[in-house]
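**Student:** Dropping a structure here in C-alpha cells format, bear with me for questions.
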Amino acid sequence: DPNEKALKKLASSVNDINELEVKFQKMTDSELHDMTKEFRSRLADGESLNDMVSEAFATVREAARRTLKQRHYDVQLIGGLVLHTGQIAEMKTGEGKTLVATLAVYINALEGRGVHVVTVNDYLARRDPVWMGQIYHALGLTVGCLQHDVSFQYDPEVTDAPAGMENLRPVTRSEAYQSDITYGTNNEFGFDYLR
C-alpha cells in the first residue's frame, strides 16, 4: 500500500493528540477558550503551527465533544492532519468530513489571516457555519457565511430566525470576510474576488 508509509508517519501525531485528551478534558470551558489566545501568543513568539498541531487538535476535539457531543475519531484526526499539510483527504459520505475540517480550519485560523472554507452549494455554506460555529465560538473565533445575496456571522444569541438560519446575524460582506473563518461557495468567493 503506497499510503502505508504516510499513515505510519501520521500515527505518531495521532498518539500525541490522544495522550493530551485527559488533560484537555480536565480544563474548564474558560481555560479551553483561552487556548486560542495562548496559541496566538506562541505564534507571535516564533513558534510554528506545526509545533502546536497536537495541542490545537486536542483543543478542537474537546470543544467538539462539549458543544456538539461529537468526538473526533483517530481516522478523523488523520484526515485533519492531511488537510493541514495541504493535501487532499478523500472521505465517503457519512465519514465526518465537516467535523474533520474543523481541525485544519482552527489551527490555520490562529494566524489571523482568515480561513475560507469553500463548499459546493449555498445550503452547506449556511448549514456548516451554524453547526461547526459552535466549536469555533467556544474557542473564541468568529465565523462568517456568504450567501448569494446576503452575508452572515455566527451569533449564538440569534434565536428568532427562520429554520436553518438560527444563530446567523446579517452582516455586510466585508464583515463576513473579516471573520476568522468564512464559509461560502466557489461562486461567491470567485465573484467577490472579481468585484
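How things are named: the first chain in the C-alpha cells is A, the next is B, and so on; residues count from 1 in each chain; ligands count from 1 in the order shown.
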From a DSSP calculation on the backbone, collect every residue of chain A in helix (DSSP H, G or I) and output the set as an MDAnalysis selection string.

**Tutor:** chainID A and resid 4:25 29:44 49:67 74:84 97:109 122:138 173:177 186:194

**Student:** List the spatial neighbours of segment 118-128 of chain A as JSON, numbers by chain - criterion: any atom at most 12 Å away, only C-alpha atoms, same-chain residues fewer than 5 positions off excluded.

**Tutor:** {"A": [97, 98, 99, 101, 102, 105, 133, 134, 135, 136, 143, 144, 145, 146, 147, 148, 149, 150, 151, 152, 153, 154, 163, 164, 165, 166, 167, 168, 169, 170, 181, 182, 183, 184, 185, 186, 187, 188, 189, 190]}

**Student:** Do you know which residues are at most 12 Å from Val100 of chain A counting only C-alpha atoms, after dropping those on the same chain fewer than 5 positions away, and could you put them as a PyMOL selection string?

**Tutor:** chain A and resi 57+60-61+64+70-84+89-91+94-95+105-106+132

**Student:** Of the residues A:Asp180, A:Leu20, A:Phe39, A:Asn15, which is the one nearest to Arg113 of chain A, using only C-alpha atoms?

**Tutor:**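 Counting only C-alpha atoms, the residue closest to Arg113 of chain A is A:Asp180.
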
**Student:** Grab the atom CA of Ser48 of chain A to atom CA of Ala11 of chain A distance for me, in Å with one decimal place.

**Tutor:**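 Going from atom CA of Ser48 of chain A over to atom CA of Ala11 of chain A covers 20.4 Å.
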